[in-house]
Amino acid sequence: MKSIVIYIHGKGGDAAEAEHYKPLFPEADVLGFDYRARTPWEAKAEFPPFFEKQTATYDRVTLIANSIGAFFSMNALSGARISRALWISPIVDMETLIGNMMDRASVTEEELCRRRKIPTDFGETLSWDYLCYVREHPIVWNIPTRILYGENDCLTSPEAIADFSERIRAPLTVMKQGEHWFHTEEQMRFLDDWIKGIEGL
């Protein structure tokens with residue numbers, strides 16, 4: 001059986017991160033996706049053509065996605081031919097995340113609606129179109145999925161990830177004292193052991 005693993009990075013990452021996963025999938029081709037999308041609607045236009053082209057000759061497709069890469073994937077690839085998905089620190093409640101950023105920037109919904117886009121002093125630009133899109137396009141995801149989450153994730157609450165994992169029937173693994181960004185030696189070892197422990201790999 002011919003297998004491929006496609007890795008989709010989070011914000012600030014790149015396709016080269018896929019190199020980390022090659023030893024974990026010795027029988028598969030492993031490929032990183034260096035996408036340009038910055039919004040879910042851009043991802044919906046960009047992701048499917050790339051995915052269809054890269055997976056056309058494979059029997060088994062594994063998708064690994066990190067943070068907002070997982071959010072974009074769920075918006076763009078729900079109808080794709082994917083055997084299974086592995087989410088690392090996925091963004092699963094973007095509306096609440098945007099609301100938290102609005103609170104942090106002291107921006108009301110009325111102000112955002114009026115101004116459409118508002119830069120913040122913490123590096124994010126609030127967008128009325130983005131907020132409306134996530135409200136109008138709730139995540140629908142029926143592909144077999146497993147989720148890895150850090151206990152101290154600063155972007156997604158434990159309640160949100162638990163509710164989401166239950167809704168899509170995805171087994172959830174929580175790393176005690178883990179962060180949103182898995183990057184330390186201990187965190188990466190935990191991530192690797194999580195992947196190695198998944199049946200059928």
# chains A, B, ... in the order shown; residues from 1 in each chain; ligands from 1
call {"tool": "select_by_dssp", "arguments": {"residues": "range 8-97 of chain A", "states": "helix (DSSP H, G or I)", "output": "VMD selection string"}}
result
chain A and resid 15 to 24 40 to 55 68 to 76 94 to 97
call {"tool": "closest_atom_pairs", "arguments": {"of": "range 101-145 of chain A", "to": "range 58-74 of chain A", "cutoff": "12 Å", "atoms": "only C-alpha atoms", "output": "JSON lines"}}
result
{"residue": "A:Val134", "atom": "CA", "partner": "A:Phe71", "partner_atom": "CA", "distance": 10.4}
{"residue": "A:His137", "atom": "CA", "partner": "A:Met74", "partner_atom": "CA", "distance": 10.7}
{"residue": "A:Pro138", "atom": "CA", "partner": "A:Met74", "partner_atom": "CA", "distance": 9.8}
{"residue": "A:Ile139", "atom": "CA", "partner": "A:Met74", "partner_atom": "CA", "distance": 6.5}
{"residue": "A:Val140", "atom": "CA", "partner": "A:Met74", "partner_atom": "CA", "distance": 7.3}
{"residue": "A:Trp141", "atom": "CA", "partner": "A:Met74", "partner_atom": "CA", "distance": 6.3}
{"residue": "A:Asn142", "atom": "CA", "partner": "A:Met74", "partner_atom": "CA", "distance": 9.5}
{"residue": "A:Ile143", "atom": "CA", "partner": "A:Met74", "partner_atom": "CA", "distance": 9.5}
{"residue": "A:Pro144", "atom": "CA", "partner": "A:Thr62", "partner_atom": "CA", "distance": 10.1}
{"residue": "A:Thr145", "atom": "CA", "partner": "A:Leu63", "partner_atom": "CA", "distance": 9.2}
call {"tool": "write_last_selection", "arguments": {"atoms": "N, CA and C atoms", "output": "CSV table (one decimal), in the first residue's frame"}}
result
chain,number,residue,atom,x,y,z
A,134,VAL,N,-16.1,32.9,10.1
A,134,VAL,CA,-16.1,31.8,11.0
A,134,VAL,C,-17.4,31.6,11.7
A,137,HIS,N,-19.5,29.8,8.9
A,137,HIS,CA,-18.9,28.5,8.4
A,137,HIS,C,-18.4,27.7,9.5
A,138,PRO,N,-19.3,27.1,10.4
A,138,PRO,CA,-18.8,26.3,11.5
A,138,PRO,C,-18.1,25.0,10.9
A,139,ILE,N,-17.1,24.5,11.7
A,139,ILE,CA,-16.3,23.4,11.3
A,139,ILE,C,-17.2,22.1,11.2
A,140,VAL,N,-17.1,21.5,10.1
A,140,VAL,CA,-17.7,20.1,9.9
A,140,VAL,C,-16.6,19.2,9.5
A,141,TRP,N,-16.3,18.2,10.4
A,141,TRP,CA,-15.1,17.4,10.1
A,141,TRP,C,-15.5,15.9,10.5
A,142,ASN,N,-15.5,15.0,9.6
A,142,ASN,CA,-15.9,13.6,9.8
A,142,ASN,C,-14.8,12.6,9.6
A,143,ILE,N,-13.6,13.1,9.3
A,143,ILE,CA,-12.4,12.3,9.0
A,143,ILE,C,-11.9,11.7,10.3
A,144,PRO,N,-11.5,10.5,10.4
A,144,PRO,CA,-10.9,9.9,11.7
A,144,PRO,C,-9.7,10.8,12.1
A,145,THR,N,-9.7,11.3,13.3
A,145,THR,CA,-8.7,12.2,13.8
A,145,THR,C,-8.3,11.9,15.2
call {"tool": "residues_around", "arguments": {"residues": "His180 in chain A", "least_positions_apart": "5", "cutoff": "12 Å", "atoms": "only C-alpha atoms", "output": "list in words"}}
result
Gly10, Lys11, Asn66, Ser67, Ile68, Trp87, Ile88, Ser89, Pro90, Ile91, Leu148, Tyr149, Gly150, Glu151, Asn152, Asp153, Cys154, Leu155, Thr156, Ser157, Pro158, Ile161, Val174, Met175 and Gln187 of chain A
call {"tool": "select_by_dssp", "arguments": {"residues": "range 54-143 of chain A", "states": "strand (DSSP E or B)", "output": "ChimeraX atom specification"}}
result
/A:60-66,84-88,117-119,125-127
call {"tool": "write_last_selection", "arguments": {"atoms": "N, CA and C atoms", "output": "JSON list (two decimals), in the first residue's frame"}}
result
[["chain", "number", "residue", "atom", "x", "y", "z"],
["A", 60, "ARG", "N", -3.10, 5.54, 0.78],
["A", 60, "ARG", "CA", -3.35, 5.94, 2.16],
["A", 60, "ARG", "C", -2.78, 7.34, 2.38],
["A", 61, "VAL", "N", -3.61, 8.22, 2.92],
["A", 61, "VAL", "CA", -3.21, 9.62, 3.10],
["A", 61, "VAL", "C", -3.37, 10.00, 4.57],
["A", 62, "THR", "N", -2.26, 10.43, 5.16],
["A", 62, "THR", "CA", -2.28, 10.93, 6.54],
["A", 62, "THR", "C", -2.01, 12.43, 6.50],
["A", 63, "LEU", "N", -2.84, 13.18, 7.18],
["A", 63, "LEU", "CA", -2.67, 14.63, 7.26],
["A", 63, "LEU", "C", -2.28, 15.00, 8.67],
["A", 64, "ILE", "N", -1.14, 15.66, 8.83],
["A", 64, "ILE", "CA", -0.71, 16.20, 10.12],
["A", 64, "ILE", "C", -0.75, 17.71, 10.02],
["A", 65, "ALA", "N", -1.42, 18.34, 10.96],
["A", 65, "ALA", "CA", -1.51, 19.80, 10.89],
["A", 65, "ALA", "C", -1.39, 20.40, 12.28],
["A", 66, "ASN", "N", -0.79, 21.57, 12.31],
["A", 66, "ASN", "CA", -0.44, 22.23, 13.55],
["A", 66, "ASN", "C", -1.19, 23.57, 13.67],
["A", 84, "ARG", "N", -6.74, 9.57, 7.61],
["A", 84, "ARG", "CA", -6.77, 9.98, 9.01],
["A", 84, "ARG", "C", -6.04, 11.30, 9.15],
["A", 85, "ALA", "N", -6.35, 12.01, 10.24],
["A", 85, "ALA", "CA", -5.72, 13.29, 10.52],
["A", 85, "ALA", "C", -5.16, 13.29, 11.93],
["A", 86, "LEU", "N", -4.01, 13.92, 12.10],
["A", 86, "LEU", "CA", -3.38, 14.09, 13.41],
["A", 86, "LEU", "C", -3.24, 15.59, 13.65],
["A", 87, "TRP", "N", -3.97, 16.10, 14.62],
["A", 87, "TRP", "CA", -3.95, 17.54, 14.92],
["A", 87, "TRP", "C", -3.06, 17.80, 16.12],
["A", 88, "ILE", "N", -2.17, 18.76, 15.99],
["A", 88, "ILE", "CA", -1.29, 19.19, 17.08],
["A", 88, "ILE", "C", -1.68, 20.61, 17.46],
["A", 117, "LYS", "N", -11.23, 46.53, 9.54],
["A", 117, "LYS", "CA", -9.95, 45.98, 9.98],
["A", 117, "LYS", "C", -9.32, 46.92, 11.00],
["A", 118, "ILE", "N", -8.78, 46.32, 12.08],
["A", 118, "ILE", "CA", -8.15, 47.12, 13.12],
["A", 118, "ILE", "C", -6.84, 46.47, 13.54],
["A", 119, "PRO", "N", -5.70, 47.10, 13.25],
["A", 119, "PRO", "CA", -4.42, 46.58, 13.73],
["A", 119, "PRO", "C", -4.36, 46.67, 15.25],
["A", 125, "THR", "N", -4.10, 41.68, 13.30],
["A", 125, "THR", "CA", -5.08, 42.61, 12.73],
["A", 125, "THR", "C", -6.46, 42.00, 12.83],
["A", 126, "LEU", "N", -7.32, 42.64, 13.56],
["A", 126, "LEU", "CA", -8.70, 42.16, 13.70],
["A", 126, "LEU", "C", -9.47, 42.45, 12.42],
["A", 127, "SER", "N", -10.28, 41.50, 12.00],
["A", 127, "SER", "CA", -10.99, 41.63, 10.72],
["A", 127, "SER", "C", -12.46, 41.27, 10.91]]
call {"tool": "residues_around", "arguments": {"residues": "Lys44 in chain A", "least_positions_apart": "4", "cutoff": "8 Å", "atoms": "only C-alpha atoms", "output": "list in words"}}
result
Pro40, Pro48, Phe72, Asn75, Ala76 and Leu77 of chain A
call {"tool": "write_last_selection", "arguments": {"atoms": "N, CA, C and O atoms", "output": "PDB file, in the first residue's frame"}}
result
ATOM      1  N   PRO A  40      -9.331  31.585   6.146  1.00  0.00           N
ATOM      2  CA  PRO A  40      -9.930  30.292   5.792  1.00  0.00           C
ATOM      3  C   PRO A  40     -10.474  30.250   4.375  1.00  0.00           C
ATOM      4  O   PRO A  40     -10.464  29.194   3.739  1.00  0.00           O
ATOM      5  N   PRO A  48      -7.264  22.521  -1.572  1.00  0.00           N
ATOM      6  CA  PRO A  48      -7.734  21.343  -2.321  1.00  0.00           C
ATOM      7  C   PRO A  48      -6.947  21.031  -3.593  1.00  0.00           C
ATOM      8  O   PRO A  48      -6.611  19.849  -3.816  1.00  0.00           O
ATOM      9  N   PHE A  72      -7.305  25.738   9.174  1.00  0.00           N
ATOM     10  CA  PHE A  72      -7.446  25.903   7.725  1.00  0.00           C
ATOM     11  C   PHE A  72      -7.791  24.566   7.052  1.00  0.00           C
ATOM     12  O   PHE A  72      -8.619  24.517   6.139  1.00  0.00           O
ATOM     13  N   ASN A  75     -11.389  23.618   7.435  1.00  0.00           N
ATOM     14  CA  ASN A  75     -12.251  24.455   6.601  1.00  0.00           C
ATOM     15  C   ASN A  75     -12.149  24.100   5.125  1.00  0.00           C
ATOM     16  O   ASN A  75     -13.130  24.209   4.392  1.00  0.00           O
ATOM     17  N   ALA A  76     -10.950  23.654   4.715  1.00  0.00           N
ATOM     18  CA  ALA A  76     -10.698  23.491   3.280  1.00  0.00           C
ATOM     19  C   ALA A  76     -10.759  22.054   2.781  1.00  0.00           C
ATOM     20  O   ALA A  76     -11.006  21.826   1.593  1.00  0.00           O
ATOM     21  N   LEU A  77     -10.533  21.079   3.671  1.00  0.00           N
ATOM     22  CA  LEU A  77     -10.317  19.712   3.206  1.00  0.00           C
ATOM     23  C   LEU A  77     -11.311  18.698   3.764  1.00  0.00           C
ATOM     24  O   LEU A  77     -11.043  17.495   3.761  1.00  0.00           O
TER      25      LEU A  77
END
call {"tool": "atom_distance", "arguments": {"atom1": "CA of Asp103 in chain A", "atom2": "CA of Glu179 in chain A"}}
result
22.1 Å
call {"tool": "closest_residue", "arguments": {"among": "A:Cys113, A:Ile98, A:Leu191, A:Gly12", "to": "Arg38 in chain A", "atoms": "only C-alpha atoms"}}
result
A:Gly12
call {"tool": "residues_around", "arguments": {"residues": "Arg104 in chain A", "least_positions_apart": "5", "cutoff": "12 Å", "atoms": "only C-alpha atoms", "output": "PDB file with N, CA and C atoms, in the first residue's frame"}}
result
ATOM      1  N   LEU A  97     -11.505  32.838  20.017  1.00  0.00           N
ATOM      2  CA  LEU A  97     -10.152  33.374  19.955  1.00  0.00           C
ATOM      3  C   LEU A  97     -10.168  34.818  19.451  1.00  0.00           C
ATOM      4  N   ILE A  98     -10.961  35.084  18.415  1.00  0.00           N
ATOM      5  CA  ILE A  98     -11.077  36.458  17.912  1.00  0.00           C
ATOM      6  C   ILE A  98     -11.685  37.356  18.978  1.00  0.00           C
ATOM      7  N   GLY A  99     -12.709  36.868  19.664  1.00  0.00           N
ATOM      8  CA  GLY A  99     -13.335  37.642  20.734  1.00  0.00           C
ATOM      9  C   GLY A  99     -12.354  37.984  21.847  1.00  0.00           C
ATOM     10  N   THR A 120      -3.640  45.758  15.872  1.00  0.00           N
ATOM     11  CA  THR A 120      -3.482  45.783  17.326  1.00  0.00           C
ATOM     12  C   THR A 120      -2.006  45.963  17.673  1.00  0.00           C
ATOM     13  N   ASP A 121      -1.746  46.327  18.937  1.00  0.00           N
ATOM     14  CA  ASP A 121      -0.357  46.518  19.359  1.00  0.00           C
ATOM     15  C   ASP A 121       0.319  45.199  19.709  1.00  0.00           C
ATOM     16  N   PHE A 122      -0.413  44.067  19.598  1.00  0.00           N
ATOM     17  CA  PHE A 122       0.230  42.770  19.845  1.00  0.00           C
ATOM     18  C   PHE A 122       0.424  41.986  18.544  1.00  0.00           C
ATOM     19  N   GLY A 123       0.348  42.697  17.417  1.00  0.00           N
ATOM     20  CA  GLY A 123       0.771  42.111  16.159  1.00  0.00           C
ATOM     21  C   GLY A 123      -0.297  41.452  15.307  1.00  0.00           C
ATOM     22  N   GLU A 124      -1.535  41.399  15.787  1.00  0.00           N
ATOM     23  CA  GLU A 124      -2.621  40.809  15.012  1.00  0.00           C
ATOM     24  C   GLU A 124      -3.503  41.921  14.447  1.00  0.00           C
ATOM     25  N   LEU A 126      -7.322  42.644  13.562  1.00  0.00           N
ATOM     26  CA  LEU A 126      -8.699  42.162  13.704  1.00  0.00           C
ATOM     27  C   LEU A 126      -9.465  42.451  12.420  1.00  0.00           C
TER      28      LEU A 126
END
call {"tool": "residues_around", "arguments": {"residues": "range 31-36 of chain A", "least_positions_apart": "6", "cutoff": "8 Å", "atoms": "only C-alpha atoms", "output": "PDB file with C-alpha atoms, in the first residue's frame"}}
result
ATOM      1  CA  ILE A   4       1.837   9.702   1.937  1.00  0.00           C
ATOM      2  CA  VAL A   5       1.982  12.017   4.930  1.00  0.00           C
ATOM      3  CA  ILE A   6       1.283  15.706   4.327  1.00  0.00           C
ATOM      4  CA  TYR A   7       2.278  18.190   7.030  1.00  0.00           C
ATOM      5  CA  ILE A   8       0.623  21.609   7.309  1.00  0.00           C
ATOM      6  CA  HIS A   9       2.435  24.058   9.572  1.00  0.00           C
ATOM      7  CA  ASP A  14       7.200  26.372   7.172  1.00  0.00           C
ATOM      8  CA  ALA A  15       7.137  23.234   5.095  1.00  0.00           C
ATOM      9  CA  ALA A  16      10.640  22.246   6.237  1.00  0.00           C
ATOM     10  CA  GLU A  17       9.146  21.178   9.581  1.00  0.00           C
ATOM     11  CA  ALA A  18       7.930  18.065   7.761  1.00  0.00           C
ATOM     12  CA  GLU A  19      11.493  16.730   7.952  1.00  0.00           C
ATOM     13  CA  GLU A  46      -5.471  26.962  -2.193  1.00  0.00           C
ATOM     14  CA  PHE A  47      -5.519  23.697  -0.237  1.00  0.00           C
TER      15      PHE A  47
END
call {"tool": "closest_residue", "arguments": {"among": "A:Glu52, A:Ala43, A:Asp163, A:Asp29", "to": "Ile82 in chain A", "atoms": "only C-alpha atoms"}}
result
A:Glu52
call {"tool": "residues_around", "arguments": {"residues": "Glu136 in chain A", "least_positions_apart": "4", "cutoff": "12 Å", "atoms": "only C-alpha atoms", "output": "ChimeraX atom specification"}}
result
/A:40-41,75,94-95,129-132,140
call {"tool": "write_last_selection", "arguments": {"atoms": "N, CA and C atoms", "output": "tab-separated table (two decimals), in the first residue's frame"}}
result
chain	number	residue	atom	x	y	z
A	40	PRO	N	-9.33	31.58	6.15
A	40	PRO	CA	-9.93	30.29	5.79
A	40	PRO	C	-10.47	30.25	4.37
A	41	TRP	N	-10.94	31.38	3.84
A	41	TRP	CA	-11.46	31.34	2.47
A	41	TRP	C	-10.32	31.25	1.46
A	75	ASN	N	-11.39	23.62	7.44
A	75	ASN	CA	-12.25	24.46	6.60
A	75	ASN	C	-12.15	24.10	5.13
A	94	MET	N	-12.33	29.43	16.68
A	94	MET	CA	-11.76	30.69	16.20
A	94	MET	C	-12.60	31.88	16.63
A	95	GLU	N	-13.91	31.73	16.72
A	95	GLU	CA	-14.75	32.85	17.12
A	95	GLU	C	-14.39	33.33	18.52
A	129	ASP	N	-14.55	40.77	8.42
A	129	ASP	CA	-14.86	39.72	7.45
A	129	ASP	C	-14.46	38.34	7.99
A	130	TYR	N	-13.34	38.28	8.67
A	130	TYR	CA	-12.86	37.01	9.24
A	130	TYR	C	-13.84	36.53	10.32
A	131	LEU	N	-14.25	37.43	11.20
A	131	LEU	CA	-15.19	37.07	12.25
A	131	LEU	C	-16.51	36.58	11.66
A	132	CYS	N	-17.00	37.28	10.67
A	132	CYS	CA	-18.27	36.87	10.03
A	132	CYS	C	-18.12	35.51	9.35
A	140	VAL	N	-17.13	21.45	10.11
A	140	VAL	CA	-17.74	20.14	9.94
A	140	VAL	C	-16.62	19.19	9.52
